[in-house]
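Containing compact mmCIF, C-alpha atoms: coords.txt.
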```txt
# COMPACT_ATOMS: atom_id res chain seq x y z
CA MET A 1 -15.98 22.59 -89.12
CA VAL A 2 -12.31 22.83 -90.05
CA TYR A 3 -10.84 23.89 -93.39
CA LEU A 4 -7.69 22.34 -94.75
CA THR A 5 -5.72 23.56 -97.75
CA ARG A 6 -3.19 21.65 -99.78
CA LYS A 7 -0.96 23.37 -102.35
CA ALA A 8 0.58 21.99 -105.51
CA GLU A 9 2.39 23.44 -108.48
CA PHE A 10 2.25 22.72 -112.16
CA SER A 11 3.57 24.33 -115.31
CA ALA A 12 1.66 24.47 -118.55
CA SER A 13 1.24 26.45 -121.73
CA HIS A 14 -1.90 27.87 -123.31
CA TYR A 15 -3.29 30.55 -125.57
CA TYR A 16 -6.62 32.35 -125.72
CA HIS A 17 -8.63 32.18 -128.90
CA ASN A 18 -12.32 32.00 -129.73
CA PRO A 19 -12.99 30.71 -133.26
CA GLU A 20 -16.30 32.62 -133.28
CA PHE A 21 -14.40 35.91 -133.11
CA SER A 22 -12.64 37.52 -136.07
CA PRO A 23 -8.81 37.63 -135.93
CA GLU A 24 -9.05 41.33 -135.05
CA GLU A 25 -11.52 40.67 -132.22
CA ASN A 26 -9.35 37.87 -130.86
CA GLN A 27 -6.36 40.18 -130.90
CA ARG A 28 -8.26 43.04 -129.28
CA ILE A 29 -9.82 40.96 -126.50
CA PHE A 30 -6.98 38.59 -125.72
CA GLY A 31 -3.92 40.67 -126.64
CA LYS A 32 -0.61 38.87 -126.22
CA CYS A 33 -2.44 35.79 -124.91
CA ASN A 34 -3.77 35.26 -128.45
CA ASN A 35 -0.38 34.14 -129.84
CA PRO A 36 -1.30 30.74 -131.37
CA ASN A 37 2.08 29.25 -130.51
CA GLY A 38 1.17 29.52 -126.85
CA HIS A 39 3.00 30.76 -123.79
CA GLY A 40 3.39 29.30 -120.33
CA HIS A 41 2.98 29.83 -116.61
CA ASN A 42 4.00 28.26 -113.35
CA TYR A 43 0.62 27.69 -111.75
CA THR A 44 0.00 27.23 -108.05
CA LEU A 45 -3.07 25.26 -107.09
CA GLU A 46 -4.68 25.45 -103.66
CA VAL A 47 -7.35 22.92 -102.87
CA THR A 48 -9.39 23.62 -99.72
CA VAL A 49 -11.58 20.91 -98.20
CA ARG A 50 -13.75 21.16 -95.12
CA GLY A 51 -15.16 18.73 -92.63
CA GLU A 52 -15.34 17.73 -89.01
CA ILE A 53 -12.25 16.39 -87.29
CA ASP A 54 -12.34 12.63 -87.02
CA PRO A 55 -11.85 12.05 -83.26
CA ARG A 56 -9.95 8.83 -83.87
CA SER A 57 -7.35 10.24 -86.28
CA GLY A 58 -7.50 13.97 -85.51
CA PHE A 59 -7.72 14.53 -89.30
CA VAL A 60 -10.25 16.38 -91.43
CA VAL A 61 -8.99 14.35 -94.34
CA ASP A 62 -6.14 11.95 -94.93
CA LEU A 63 -3.52 14.26 -96.46
CA LYS A 64 -1.84 11.45 -98.33
CA GLN A 65 -5.14 10.54 -99.96
CA LEU A 66 -5.80 14.18 -100.90
CA LYS A 67 -2.32 14.51 -102.35
CA ASP A 68 -2.75 11.33 -104.40
CA ILE A 69 -6.11 12.48 -105.76
CA MET A 70 -4.69 15.89 -106.70
CA SER A 71 -1.71 14.25 -108.39
CA ARG A 72 -3.75 11.71 -110.30
CA GLU A 73 -6.74 13.82 -111.31
CA VAL A 74 -5.10 17.19 -111.86
CA LEU A 75 -1.31 17.31 -111.99
CA ASP A 76 -0.84 14.23 -114.16
CA ALA A 77 -3.27 15.73 -116.69
CA LEU A 78 -2.06 19.36 -116.64
CA ASP A 79 1.61 19.47 -115.68
CA HIS A 80 3.93 20.18 -118.63
CA ARG A 81 1.03 20.14 -121.08
CA PHE A 82 -0.26 22.48 -123.76
CA LEU A 83 -3.71 22.99 -122.26
CA ASN A 84 -5.49 23.85 -125.53
CA ARG A 85 -4.33 20.69 -127.28
CA GLU A 86 -3.86 18.10 -124.58
CA VAL A 87 -6.60 18.62 -122.01
CA PRO A 88 -10.09 17.63 -123.22
CA GLU A 89 -11.98 20.39 -121.37
CA PHE A 90 -10.13 22.99 -123.41
CA ALA A 91 -11.03 21.58 -126.80
CA THR A 92 -14.21 23.67 -126.49
CA GLN A 93 -13.39 26.17 -123.76
CA ILE A 94 -10.73 28.85 -123.54
CA PRO A 95 -8.11 27.83 -120.94
CA THR A 96 -8.35 30.99 -118.86
CA THR A 97 -7.55 30.78 -115.17
CA GLU A 98 -11.31 31.00 -114.52
CA ASN A 99 -12.05 27.94 -116.67
CA LEU A 100 -9.02 26.14 -115.27
CA ALA A 101 -10.33 26.56 -111.70
CA ILE A 102 -13.74 25.24 -112.74
CA ALA A 103 -12.23 22.28 -114.63
CA ILE A 104 -10.07 21.36 -111.64
CA TRP A 105 -13.09 21.56 -109.34
CA GLN A 106 -15.05 19.27 -111.66
CA ARG A 107 -12.17 16.77 -111.78
CA LEU A 108 -11.85 16.66 -107.98
CA VAL A 109 -15.47 16.67 -106.79
CA PRO A 110 -16.38 13.11 -107.82
CA LYS A 111 -13.16 11.72 -106.34
CA LEU A 112 -13.33 13.27 -102.88
CA ARG A 113 -15.28 11.12 -100.47
CA ALA A 114 -14.18 11.82 -96.91
CA ALA A 115 -14.13 15.62 -97.06
CA GLN A 116 -16.18 18.20 -98.88
CA LEU A 117 -14.50 20.38 -101.49
CA HIS A 118 -14.78 24.02 -100.40
CA ARG A 119 -12.64 26.02 -102.79
CA VAL A 120 -10.25 25.68 -105.69
CA ARG A 121 -7.79 28.55 -106.02
CA VAL A 122 -5.51 28.76 -109.05
CA TYR A 123 -2.67 31.26 -109.22
CA GLU A 124 -1.55 31.95 -112.77
CA ARG A 125 1.13 34.26 -111.39
CA PRO A 126 1.77 35.53 -107.88
CA ASP A 127 -0.31 38.64 -108.63
CA LEU A 128 -3.33 36.92 -110.17
CA PHE A 129 -5.58 34.16 -108.90
CA VAL A 130 -9.10 32.81 -109.35
CA ASP A 131 -11.32 31.19 -106.70
CA TYR A 132 -14.14 28.80 -107.52
CA TYR A 133 -16.56 27.59 -104.86
CA GLY A 134 -18.82 25.47 -107.06
CA GLU A 135 -22.38 26.46 -107.80
CA ALA A 136 -24.18 27.30 -104.55
CA MET B 1 -20.44 29.34 -113.47
CA LYS B 2 -19.53 32.08 -111.03
CA ALA B 3 -15.86 32.58 -110.20
CA HIS B 4 -13.87 35.05 -108.11
CA LEU B 5 -10.85 36.75 -109.65
CA THR B 6 -8.18 38.49 -107.60
CA ARG B 7 -5.42 40.74 -108.83
CA ARG B 8 -2.59 42.18 -106.75
CA TYR B 9 -1.23 45.71 -107.22
CA PHE B 10 1.54 47.65 -105.51
CA PHE B 11 2.11 51.23 -104.48
CA SER B 12 4.24 53.15 -102.00
CA ALA B 13 3.02 56.02 -99.88
CA SER B 14 3.63 57.83 -96.62
CA HIS B 15 1.25 58.64 -93.81
CA ARG B 16 1.00 59.70 -90.22
CA LEU B 17 -1.60 58.37 -87.84
CA HIS B 18 -2.93 61.22 -85.74
CA SER B 19 -6.40 62.19 -84.62
CA ASP B 20 -7.35 65.76 -83.78
CA ASP B 21 -9.97 64.33 -81.43
CA LEU B 22 -7.26 62.89 -79.16
CA SER B 23 -4.78 64.69 -76.92
CA PRO B 24 -1.05 64.56 -77.84
CA GLU B 25 -0.58 61.99 -75.08
CA GLN B 26 -3.55 59.89 -76.26
CA ASN B 27 -2.26 60.06 -79.85
CA ARG B 28 1.13 58.77 -78.73
CA VAL B 29 -0.43 55.97 -76.72
CA THR B 30 -2.88 55.02 -79.47
CA TYR B 31 -0.64 55.23 -82.52
CA GLY B 32 2.84 54.73 -81.06
CA LYS B 33 5.58 55.07 -83.66
CA CYS B 34 2.96 55.78 -86.33
CA ASN B 35 2.28 59.13 -84.62
CA ASN B 36 5.74 60.47 -85.54
CA PRO B 37 4.89 63.97 -86.83
CA TYR B 38 7.15 63.62 -89.86
CA GLY B 39 5.31 60.56 -91.11
CA HIS B 40 6.68 57.28 -92.42
CA GLY B 41 6.01 55.10 -95.43
CA HIS B 42 4.99 51.64 -96.60
CA ASN B 43 5.00 49.52 -99.69
CA TYR B 44 1.32 48.66 -99.91
CA THR B 45 -0.08 45.65 -101.71
CA VAL B 46 -3.70 45.95 -102.81
CA GLU B 47 -5.71 42.87 -103.68
CA VAL B 48 -8.89 43.51 -105.62
CA THR B 49 -11.38 40.65 -105.84
CA VAL B 50 -14.21 40.74 -108.35
CA SER B 51 -16.74 38.05 -109.15
CA GLY B 52 -19.26 37.13 -111.78
CA PRO B 53 -20.28 34.49 -114.27
CA VAL B 54 -17.52 33.26 -116.55
CA ASP B 55 -18.40 34.59 -120.02
CA PRO B 56 -18.51 31.48 -122.23
CA ARG B 57 -17.17 33.43 -125.22
CA THR B 58 -14.05 34.72 -123.49
CA GLY B 59 -13.64 32.37 -120.52
CA MET B 60 -13.28 35.45 -118.33
CA VAL B 61 -15.00 37.03 -115.34
CA CYS B 62 -13.74 40.35 -116.60
CA ASN B 63 -11.00 41.41 -118.96
CA LEU B 64 -7.85 42.09 -116.94
CA VAL B 65 -6.99 44.94 -119.29
CA ASP B 66 -10.13 46.75 -118.07
CA LEU B 67 -9.45 46.07 -114.38
CA ASP B 68 -5.75 46.94 -114.67
CA GLY B 69 -6.57 50.12 -116.58
CA PHE B 70 -9.12 51.26 -114.00
CA VAL B 71 -6.92 50.48 -111.00
CA HIS B 72 -3.91 52.12 -112.61
CA ASN B 73 -5.75 55.31 -113.55
CA GLU B 74 -8.05 55.72 -110.56
CA ILE B 75 -6.13 54.14 -107.68
CA LEU B 76 -2.40 53.75 -108.28
CA GLN B 77 -2.10 57.15 -109.92
CA ARG B 78 -3.91 58.65 -106.95
CA TYR B 79 -1.94 56.99 -104.15
CA ASP B 80 1.50 55.99 -105.44
CA HIS B 81 4.31 58.12 -104.03
CA GLN B 82 1.92 60.41 -102.21
CA ASN B 83 1.53 61.53 -98.63
CA LEU B 84 -1.89 60.06 -97.79
CA ASN B 85 -2.59 62.69 -95.12
CA LEU B 86 -2.66 65.37 -97.82
CA LEU B 87 -5.37 63.69 -99.90
CA LYS B 88 -8.95 64.90 -99.73
CA GLU B 89 -10.38 61.68 -98.31
CA PHE B 90 -7.97 61.86 -95.38
CA GLY B 91 -8.57 65.52 -94.57
CA SER B 92 -10.59 64.56 -91.50
CA VAL B 93 -10.15 60.76 -91.53
CA VAL B 94 -7.02 59.08 -90.15
CA PRO B 95 -5.19 57.29 -93.02
CA THR B 96 -5.06 53.90 -91.33
CA THR B 97 -5.04 50.96 -93.67
CA GLU B 98 -8.61 50.23 -92.53
CA ASN B 99 -9.72 53.60 -93.89
CA LEU B 100 -7.57 53.18 -97.00
CA CYS B 101 -9.38 49.90 -97.69
CA VAL B 102 -12.73 51.67 -97.46
CA SER B 103 -11.59 54.52 -99.76
CA ILE B 104 -10.25 52.17 -102.41
CA TYR B 105 -13.37 50.00 -102.17
CA GLN B 106 -15.54 53.08 -102.73
CA ILE B 107 -13.52 54.23 -105.76
CA LEU B 108 -13.96 50.79 -107.33
CA LYS B 109 -17.63 50.55 -106.35
CA ARG B 110 -18.39 53.94 -107.91
CA GLY B 111 -16.43 53.58 -111.10
CA PHE B 112 -15.82 49.95 -112.04
CA ASP B 113 -18.95 48.22 -113.26
CA THR B 114 -17.50 45.49 -115.49
CA ALA B 115 -17.71 42.88 -112.69
CA HIS B 116 -19.11 42.69 -109.17
CA LEU B 117 -16.71 44.01 -106.53
CA GLU B 118 -16.30 41.45 -103.75
CA ARG B 119 -13.51 42.74 -101.60
CA VAL B 120 -10.48 44.96 -101.22
CA ARG B 121 -7.61 43.62 -99.15
CA ILE B 122 -4.50 45.66 -98.37
CA GLU B 123 -1.21 44.45 -96.97
CA GLU B 124 0.53 47.32 -95.21
CA THR B 125 3.55 45.22 -94.32
CA MET B 126 4.26 41.53 -94.60
CA MET B 127 2.91 41.19 -91.06
CA ASN B 128 -0.50 42.82 -91.33
CA SER B 129 -3.37 43.09 -93.76
CA PHE B 130 -6.88 44.55 -93.78
CA GLU B 131 -10.02 43.70 -95.73
CA TYR B 132 -13.18 45.56 -96.58
CA ALA B 133 -16.11 43.98 -98.38
CA GLY B 134 -18.67 46.78 -98.11
CA GLU B 135 -21.60 46.99 -95.73
CA GLU B 136 -24.10 44.11 -95.59
```
Entire entry expressed as structure tokens:
Amino acid sequence: MVYLTRKAEFSASHYYHNPEFSPEENQRIFGKCNNPNGHGHNYTLEVTVRGEIDPRSGFVVDLKQLKDIMSREVLDALDHRFLNREVPEFATQIPTTENLAIAIWQRLVPKLRAAQLHRVRVYERPDLFVDYYGEA
Amino acid sequence: MKAHLTRRYFFSASHRLHSDDLSPEQNRVTYGKCNNPYGHGHNYTVEVTVSGPVDPRTGMVCNLVDLDGFVHNEILQRYDHQNLNLLKEFGSVVPTTENLCVSIYQILKRGFDTAHLERVRIEETMMNSFEYAGEE
């Protein structure tokens, strides 16, 4: 079994707000991230797939195919977007890095055929990242 | 939906690697330059990984304010700009980065109960890093 990781970058804005909380609770829990006008990050995405090496190609997965799937399913939808308003998953969920990693996983899983998705890692900043491995 | 969240922190400290159980010659052979009696220092990077279900109300594994507060008060305050050899935990334990990983893991394990502690990883320099994930 070999693991292969592909990186990509995207930039997006978001804010954290739960309509079930009072304004004071939202402010207390989410702090500066609660500003309704949003703020942005340069995100780094790492997608790790695993599989056996195909003896004919020497590949775990066709990198071009993986890149195209990541571009189409993730980057086209998220890059230079306001996540709360423009990405359907975040109409009902708060676009935290945790939920972003899960949403990206759910976008990729049905599209990956040759290799198995192992991990989605999303860096919100260089000092903060979330890993999601699916539900075991 | 279980996710892993990792946050990176930074501190600077000095240490000397020396074991009273080894002869001066054995210490020099074992620890090389790190055995210099006057000590030397590093800029350490600490990665703390916690895990847990993503709270549907907040979208978070744990509130970063809580994790940052704990690490700042209990870990960075303790180690930043200190000589590690003079700290209680390194009275009879050599302050290698392996042992530092274990100490920091234990501080978190004892005092931080907001999310499950997965792992502590420390980069001593850009060229080496150490991880401790507790005992099985």
Against chain B, which residues of chain A fall within 9 Å? For each one I want the closest pair of atoms and the distance in Å (one decimal), counting all atoms listed in the file, rows by chain and increasing residue number, as a tab-separated table.
```
residue	atom	partner	partner_atom	distance
A:Tyr16	CA	B:Thr58	CA	8.1
A:His17	CA	B:Thr58	CA	8.1
A:Asn18	CA	B:Arg57	CA	6.8
A:Glu20	CA	B:Arg57	CA	8.1
A:Phe21	CA	B:Arg57	CA	8.7
A:Ile29	CA	B:Asn63	CA	7.6
A:Phe30	CA	B:Asn63	CA	8.4
A:Gln93	CA	B:Gly59	CA	7.0
A:Ile94	CA	B:Gly59	CA	5.5
A:Pro95	CA	B:Gly59	CA	7.2
A:Thr96	CA	B:Gly59	CA	5.7
A:Thr97	CA	B:Met60	CA	8.0
A:Glu98	CA	B:Met60	CA	6.2
A:Asn99	CA	B:Gly59	CA	6.1
A:Ala101	CA	B:Ala3	CA	8.3
A:Ile102	CA	B:Met1	CA	7.9
A:Pro126	CA	B:Arg8	CA	8.0
A:Asp127	CA	B:Arg8	CA	4.6
A:Leu128	CA	B:Arg7	CA	4.6
A:Phe129	CA	B:Thr6	CA	5.2
A:Val130	CA	B:Leu5	CA	4.3
A:Asp131	CA	B:His4	CA	4.8
A:Tyr132	CA	B:Ala3	CA	4.9
A:Tyr133	CA	B:Ala3	CA	7.3
A:Gly134	CA	B:Met1	CA	7.7
A:Glu135	CA	B:Met1	CA	6.6
```
### Interatomic distance (Å, one decimal) between atom CA of Glu86 of chain A and atom CA of Ser13 of chain A
10.2 Å
#### Entry: Residue neighbourhood His15 of chain B, 7 Å, only C-alpha atoms, exclusion window fewer than 5 positions, as a list in words
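Listing them by chain and then by number gives Gly39, His40, Gly41, Asn83, Leu84, Asn85 and Pro95 of chain B.
We find atom CA of Asp76 of chain A and atom CA of Leu117 of chain A to be spaced 19.6 Å apart.
Atom CA of Arg121 of chain A lies 8.2 Å from atom CA of Thr44 of chain A.
The residue that comes closest to His116 of chain B, out of B:His81, B:Ala133, B:Pro37, B:Asp68 and on the basis of all atoms listed in the file, is B:Ala133.
Those residues that approach Thr48 of chain A to within 9 Å, counting only C-alpha atoms, are Tyr3, Leu4, Thr5, Arg6, Lys7, Gln116, Leu117, His118, Arg119, Val120 and Arg121 of chain A; same-chain residues fewer than 6 positions away are not listed.
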### Message
Quick one: residues within 9 Å of Leu76 of chain B, all atoms listed in the file, excluding same-chain residues fewer than 3 positions away - as number ranges by chain?
### Response
B: 9-11, 71-73, 79-80
### Task
Go through A:Asp54, A:Asp79, A:Glu124, A:Glu73 and flag the residue nearest Val2 of chain A, using all atoms listed in the file for the distances.
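Nearest to Val2 of chain A: A:Asp54.
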### Query
Which is closest to Leu66 of chain A among A:Phe10, A:Arg28, A:Pro88, A:Val47, if we use only C-alpha atoms?
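Nearest to Leu66 of chain A: A:Val47.
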### Message
Please list as a PyMOL selection string every residue within 9 Å of Met1 of chain A, counting all atoms listed in the file and excluding residues in the same chain fewer than 4 positions away.
### Response
chain A and resi 50-53+60
Using only C-alpha atoms, give me every residue within 9 Å of (-5.7, 18.9, -112.1) in file coordinates, as a short mmCIF file (atom, residue, chain, number, x, y, z; two decimals) with C-alpha atoms, keeping the file's coordinate frame.
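The resulting file, result-v1.cif, is reproduced below:
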```
data_model
loop_
_atom_site.label_atom_id
_atom_site.label_comp_id
_atom_site.auth_asym_id
_atom_site.auth_seq_id
_atom_site.Cartn_x
_atom_site.Cartn_y
_atom_site.Cartn_z
CA PHE A 10 2.25 22.72 -112.16
CA LEU A 45 -3.07 25.26 -107.09
CA MET A 70 -4.69 15.89 -106.70
CA SER A 71 -1.71 14.25 -108.39
CA ARG A 72 -3.75 11.71 -110.30
CA GLU A 73 -6.74 13.82 -111.31
CA VAL A 74 -5.10 17.19 -111.86
CA LEU A 75 -1.31 17.31 -111.99
CA ASP A 76 -0.84 14.23 -114.16
CA ALA A 77 -3.27 15.73 -116.69
CA LEU A 78 -2.06 19.36 -116.64
CA ASP A 79 1.61 19.47 -115.68
CA LEU A 100 -9.02 26.14 -115.27
CA ALA A 101 -10.33 26.56 -111.70
CA ALA A 103 -12.23 22.28 -114.63
CA ILE A 104 -10.07 21.36 -111.64
CA TRP A 105 -13.09 21.56 -109.34
CA ARG A 107 -12.17 16.77 -111.78
CA LEU A 108 -11.85 16.66 -107.98
#
```
